[in-house]
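For reference, the structure discussed in these notes is given below.
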Amino acid sequence: MIVFPAIDLKGGQVVRLAEGDMARATVYGDDPAAQAMLFADAGAEHLHVVDLDGSFAGRAENREAVEAIIERFPGYVQLGGGIRDAAAVEGWFNLGVARVVMGTAALKDPQFVKDMAREWENGIVVAVDARDGMVATEGWAEVSDVPVEDMARRFEDAGVASLLFTDIGRDGMLKGCNVTATVDLARAVDIPVIASGGVKGLDDIRMLSIHADEGIEGIITGRALYDGRLDLAAAIQMAGR
């Protein structure tokens, strides 16, 4: 199971939000590339980067910071946030991004995302962000009437690399990962699932790793790392058992 340390970008700074609320951002640094290297030094081979401003704007808003991360991080960078057209997808892959995460586009234009998944083999991750079981879009500002599993099933046999499932109510809150909902989703579809939201310590890593053979590909963690509640090297070791 892969551990993805997260770097969320707002105004060029490294931040973490509480429940996806841009007004509840905690700043953890002003050098995203340096943060990426700290994660690399701890053993991270994968990184999850989100352009938070881009999620609302529908276009890249922290390009300079993302490019600096890509240039310096020696592993695989997974990027999300406002990537909603073919030119943006191609541009990021050409710059060295390993995977592109698409959420709003996946709900509003699923055929486009399927086309991108076929064009960029193993490169497209569909974000299934949930608030009370329903899919949220536009930087989590809008909640649809589409259940999580229904949206996930739309992309079976479409060639997407993974589903990124986030329980918004837990994100940045250190309440613990929603293991039950994540595993239920993994069992319901034939697409690997990455867990996100609420990770507070090694126990979350251990609990999800137990279900790795049921389709859990990885877990994203942010605030627990920044607050010192979770040691990244220990988490990576736990996930690899």
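Just remember, in the structure tokens the first chain shown is A, the second B, etc., residues are 1-based per chain, and ligands are 1-based in the order shown.
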Requested in this report: Write out as number ranges by chain which residues come within 10 Å of Leu38 (chain A) when counting only C-alpha atoms, dropping same-chain ones fewer than 6 positions away.
Outcome: A: 32, 44, 73
Write the residues of the selection above to a file with N, CA and C atoms, as a PDB file, in the first residue's frame.
ATOM      1  N   PRO A  32       6.976  25.094  -0.951  1.00  0.00           N
ATOM      2  CA  PRO A  32       6.432  23.766  -1.244  1.00  0.00           C
ATOM      3  C   PRO A  32       7.474  22.762  -1.728  1.00  0.00           C
ATOM      4  N   ALA A  44       9.503   8.915   1.111  1.00  0.00           N
ATOM      5  CA  ALA A  44       8.350   8.964   0.219  1.00  0.00           C
ATOM      6  C   ALA A  44       8.770   8.852  -1.238  1.00  0.00           C
ATOM      7  N   PHE A  73      11.245  16.922  -6.619  1.00  0.00           N
ATOM      8  CA  PHE A  73      10.866  15.657  -5.999  1.00  0.00           C
ATOM      9  C   PHE A  73      11.295  14.494  -6.898  1.00  0.00           C
TER      10      PHE A  73
END
Query raised in the report: Please, which residues of region 180-212 of chain A, numbered as in this document, come out helix (DSSP H, G or I) from DSSP, as a PyMOL selection string?
Result: chain A and resi 180-188+202-209+212
Requested in this report: Check the smallest atom-to-atom distance from each of A:Ala34, A:Ala161, A:Leu232, A:Met102 to Glu121 (chain A) using only C-alpha atoms, then report the winner.
Outcome: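 Distance minimum relative to Glu121 (chain A) lands on A:Ala161.
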Could you make a table, as CSV, of the residues of region 29-142 of chain A that have an atom within 12 Å of an atom of region 194-200 of chain A, each with its nearest atom pair and distance in Å to one decimal, counting only C-alpha atoms, in chain and number order?
residue,atom,partner,partner_atom,distance
A:His48,CA,A:Ser196,CA,10.5
A:Gln78,CA,A:Ile194,CA,11.7
A:Val101,CA,A:Ile194,CA,11.4
A:Val125,CA,A:Ile194,CA,9.4
A:Val126,CA,A:Ile194,CA,10.0
A:Ala127,CA,A:Ile194,CA,9.2
A:Val128,CA,A:Ile194,CA,9.9
A:Asp129,CA,A:Ser196,CA,9.1
A:Ala130,CA,A:Gly197,CA,10.1
A:Arg131,CA,A:Gly197,CA,11.3
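Comparing the minimum interatomic distances between Leu9 (chain A) and each of A:Asp85, A:Glu71, A:Asp30, A:Glu119, counting only C-alpha atoms, we find that A:Asp30 sits nearest.
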**Report entry** chain A: residues DSSP assigns to strand (DSSP E or B), reported as a count of residues only
**Finding:** 73
Query - Of the listed residues A:Gly12, A:Pro5, A:Gly159, A:Gly240, that which approaches Ala60 (chain A) most closely, counting only C-alpha atoms - result: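 Distance minimum relative to Ala60 (chain A) lands on A:Gly12.
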**Report entry** All residues 12 Å or closer to Gln237 (chain A), only C-alpha atoms, same chain fewer than 4 positions away omitted, as a PyMOL selection string
**Finding:** chain A and resi 1-3+42-44+202+205-206+209+231-233+241
Query - Proximity to Leu95 (chain A) - best of A:Ala234, A:Ala117, A:Ala186, A:Leu79, only C-alpha atoms - result: A:Leu79
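The environment of Glu214 (chain A) within 12 Å, counting only C-alpha atoms and disregarding residues fewer than 4 places along the same chain, consists of A:Met1, A:Thr182, A:Val183, A:Asp184, A:Leu185, A:Ala186, A:Arg187, A:Ala188, A:Val189, A:Asp190, A:Ile191, A:Pro192, A:Val193, A:Ile194, A:Leu208, A:Ser209, A:Ile210, A:Gly218.
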Got time to write the residues from that selection, N, CA and C atoms, as a PDB file, in the first residue's frame?
ATOM      1  N   MET A   1       0.845  -1.196   0.000  1.00  0.00           N
ATOM      2  CA  MET A   1       0.000   0.000   0.000  1.00  0.00           C
ATOM      3  C   MET A   1       0.880   1.246   0.000  1.00  0.00           C
ATOM      4  N   THR A 182     -14.392   3.491   2.930  1.00  0.00           N
ATOM      5  CA  THR A 182     -13.352   3.291   1.916  1.00  0.00           C
ATOM      6  C   THR A 182     -13.308   1.848   1.448  1.00  0.00           C
ATOM      7  N   VAL A 183     -13.334   0.919   2.383  1.00  0.00           N
ATOM      8  CA  VAL A 183     -13.292  -0.504   2.033  1.00  0.00           C
ATOM      9  C   VAL A 183     -14.574  -0.914   1.312  1.00  0.00           C
ATOM     10  N   ASP A 184     -15.705  -0.380   1.748  1.00  0.00           N
ATOM     11  CA  ASP A 184     -16.969  -0.690   1.066  1.00  0.00           C
ATOM     12  C   ASP A 184     -16.917  -0.261  -0.395  1.00  0.00           C
ATOM     13  N   LEU A 185     -16.346   0.912  -0.659  1.00  0.00           N
ATOM     14  CA  LEU A 185     -16.223   1.381  -2.039  1.00  0.00           C
ATOM     15  C   LEU A 185     -15.292   0.477  -2.830  1.00  0.00           C
ATOM     16  N   ALA A 186     -14.166   0.104  -2.242  1.00  0.00           N
ATOM     17  CA  ALA A 186     -13.212  -0.770  -2.931  1.00  0.00           C
ATOM     18  C   ALA A 186     -13.846  -2.112  -3.276  1.00  0.00           C
ATOM     19  N   ARG A 187     -14.695  -2.613  -2.400  1.00  0.00           N
ATOM     20  CA  ARG A 187     -15.361  -3.885  -2.657  1.00  0.00           C
ATOM     21  C   ARG A 187     -16.443  -3.768  -3.730  1.00  0.00           C
ATOM     22  N   ALA A 188     -16.980  -2.549  -3.881  1.00  0.00           N
ATOM     23  CA  ALA A 188     -18.102  -2.350  -4.802  1.00  0.00           C
ATOM     24  C   ALA A 188     -17.671  -2.173  -6.247  1.00  0.00           C
ATOM     25  N   VAL A 189     -16.411  -1.819  -6.466  1.00  0.00           N
ATOM     26  CA  VAL A 189     -15.929  -1.558  -7.826  1.00  0.00           C
ATOM     27  C   VAL A 189     -14.641  -2.338  -8.093  1.00  0.00           C
ATOM     28  N   ASP A 190     -14.283  -2.397  -9.365  1.00  0.00           N
ATOM     29  CA  ASP A 190     -13.066  -3.106  -9.761  1.00  0.00           C
ATOM     30  C   ASP A 190     -11.924  -2.138 -10.042  1.00  0.00           C
ATOM     31  N   ILE A 191     -11.947  -0.994  -9.395  1.00  0.00           N
ATOM     32  CA  ILE A 191     -10.901   0.020  -9.563  1.00  0.00           C
ATOM     33  C   ILE A 191     -10.198   0.193  -8.224  1.00  0.00           C
ATOM     34  N   PRO A 192      -8.870   0.234  -8.204  1.00  0.00           N
ATOM     35  CA  PRO A 192      -8.164   0.468  -6.939  1.00  0.00           C
ATOM     36  C   PRO A 192      -8.596   1.783  -6.300  1.00  0.00           C
ATOM     37  N   VAL A 193      -8.637   1.798  -4.978  1.00  0.00           N
ATOM     38  CA  VAL A 193      -9.101   2.974  -4.241  1.00  0.00           C
ATOM     39  C   VAL A 193      -7.981   3.535  -3.359  1.00  0.00           C
ATOM     40  N   ILE A 194      -7.832   4.858  -3.397  1.00  0.00           N
ATOM     41  CA  ILE A 194      -6.910   5.576  -2.508  1.00  0.00           C
ATOM     42  C   ILE A 194      -7.750   6.283  -1.460  1.00  0.00           C
ATOM     43  N   LEU A 208      -6.066   0.188   7.241  1.00  0.00           N
ATOM     44  CA  LEU A 208      -6.278   0.122   5.797  1.00  0.00           C
ATOM     45  C   LEU A 208      -5.384  -0.914   5.139  1.00  0.00           C
ATOM     46  N   SER A 209      -4.154  -1.055   5.636  1.00  0.00           N
ATOM     47  CA  SER A 209      -3.236  -2.019   5.027  1.00  0.00           C
ATOM     48  C   SER A 209      -3.757  -3.445   5.140  1.00  0.00           C
ATOM     49  N   ILE A 210      -4.560  -3.703   6.163  1.00  0.00           N
ATOM     50  CA  ILE A 210      -5.174  -5.024   6.309  1.00  0.00           C
ATOM     51  C   ILE A 210      -6.043  -5.351   5.098  1.00  0.00           C
ATOM     52  N   GLY A 218      -3.765   2.863  -1.698  1.00  0.00           N
ATOM     53  CA  GLY A 218      -2.945   3.759  -0.911  1.00  0.00           C
ATOM     54  C   GLY A 218      -3.749   4.639   0.011  1.00  0.00           C
TER      55      GLY A 218
END
